[in-house]
Structure formats: structure tokens, C-alpha cells
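Chemist: Quick one: the structure is below, and I'll ask about it shortly.
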Amino acid sequence: MKRPPRTLGARTASDAVAAALALHGISEQVRAGRLLTEWSELVGSKIAQRTRPDAVIDRILWIEVASSAWLHELNLLRPQLLASLQGRLGMPPVFDELRFRLAGRRRAPGSEPDPRAARKPPPPPRSSPVAATGVARERIVREVGAVDDQELRELIARIRIAHDR
């Protein structure tokens, strides 16, 4: 069993905790865990509302993004976001690179699609959706009015009106 090195002087609590984490080899895991618990403070509320850190795999931080528009925007901001996150989390860096993917795409990074999936017959053709009109359209607009986020509210309304649901 490992024993911590003896110290002759007084230590601060933060130094003692850091030494204990390092002794057990989990300091990097705890630092990476800060991504989850402090995400909003690390990236700001605007970005945090539309993203979430998913995993650190092979020193790459994978971030799930709510929409393709945000995916594009964050790819443009990647260098600044990487520098900011690394600066806030301290040295040594927990990750060296950021990658973004749309939320809901759960395939593991680098994994290949199932080769049997290509052999499945194509699904039967669907009939074209019918757009909502009149009273149905007004009802949809009224119902989605309860959604606080304007971007999300407009997206929901557009989809529901286009598919009359």
C-alpha cells in the first residue's frame, strides 16, 4: 500500500487533497470531472445551453451540440474555446483537442458502422407530409409559445406545422 510522503510543516487543505488524489492516481480524472460539474462556468451560459461535454477519449474532448448551426459556429471558435478551457482547468492539460458532434449521434468516435446495416432492404417510401393550415396551425403556434428559448420554439413550430402534428 502506498503511503504519502511525510511533511514537517503545515499544509493547506487544498494541498493535502491534491496530494491524496495524486497518490491514488485519480487527480486527472477529478480534473476531467470538472468539465461536467462546472461546464456553464467554463464556457459561459450561452454555449452551455446548447452543448454538453460527452467524454475525453485519447486526449480529445468530445462535445455534443444541439444543432448543426451551433456545430458550425463552435468549429469556427475551436482555437479560442480550447485555449480558454485549458487555461481554466490548469496544467497539465486534460485534453489536447476539441471535437464536436450533433447530440443524439451516439456512435463511438472512430468506430465503423455495422457492415450488416448495408444489407438491410430500404424502408418503404413514406407519403409526403401535409402542412398544417388554419385552426391547426394556430393551435401549434399557441402550444409552442410556452417554450422559453426562441430558437427552439421556432424550430418546433416549423417542424410541427410542416408535418401537421
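Chain labels run A, B, ... following the order of the C-alpha cells; each chain numbers its residues from 1, and ligands are numbered from 1 in the order shown.
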Write out as an MDAnalysis selection string which residues come within 12 Å of Pro79 of chain A when counting only C-alpha atoms, dropping same-chain ones fewer than 6 positions away.
Modeler: chainID A and resid 73 85:86 96:99
Chemist: Measuring between only C-alpha atoms, which one of A:Arg158, A:Asp149, A:Gly87, A:Arg78 shows the shortest distance to Leu61 of chain A?
Modeler: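 Answer, going by the shortest atom-to-atom distance: A:Arg78.
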Chemist: Using only C-alpha atoms, can you tell me which of A:Phe100, A:Gly134, A:Ile47, A:Gly9 comes closest to Ile60 of chain A?
Modeler: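 Answer, going by the shortest atom-to-atom distance: A:Phe100.
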Chemist: Can you pull out every residue from segment 40-97 of chain A that DSSP, working from the backbone, puts in strand (DSSP E or B), and format the result as a list in words?
Modeler: Thr51, Arg52, Pro53, Asp54, Ala55, Val56, Ile57, Ile60, Leu61, Trp62, Ile63, Glu64, Val65 and Glu97 of chain A
Chemist: In Å, with one decimal, what is the gap from atom CA of Ser40 of chain A to atom CA of Asn75 of chain A?
Modeler: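 Straight-line distance from atom CA of Ser40 of chain A to atom CA of Asn75 of chain A works out to 18.5 Å.
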Chemist: Taking only C-alpha atoms into account, which of A:Val43, A:Val144, A:Ala69, A:Ile57 comes nearest Ala83 of chain A?
Modeler: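 Closest to Ala83 of chain A of all the choices is A:Val43.
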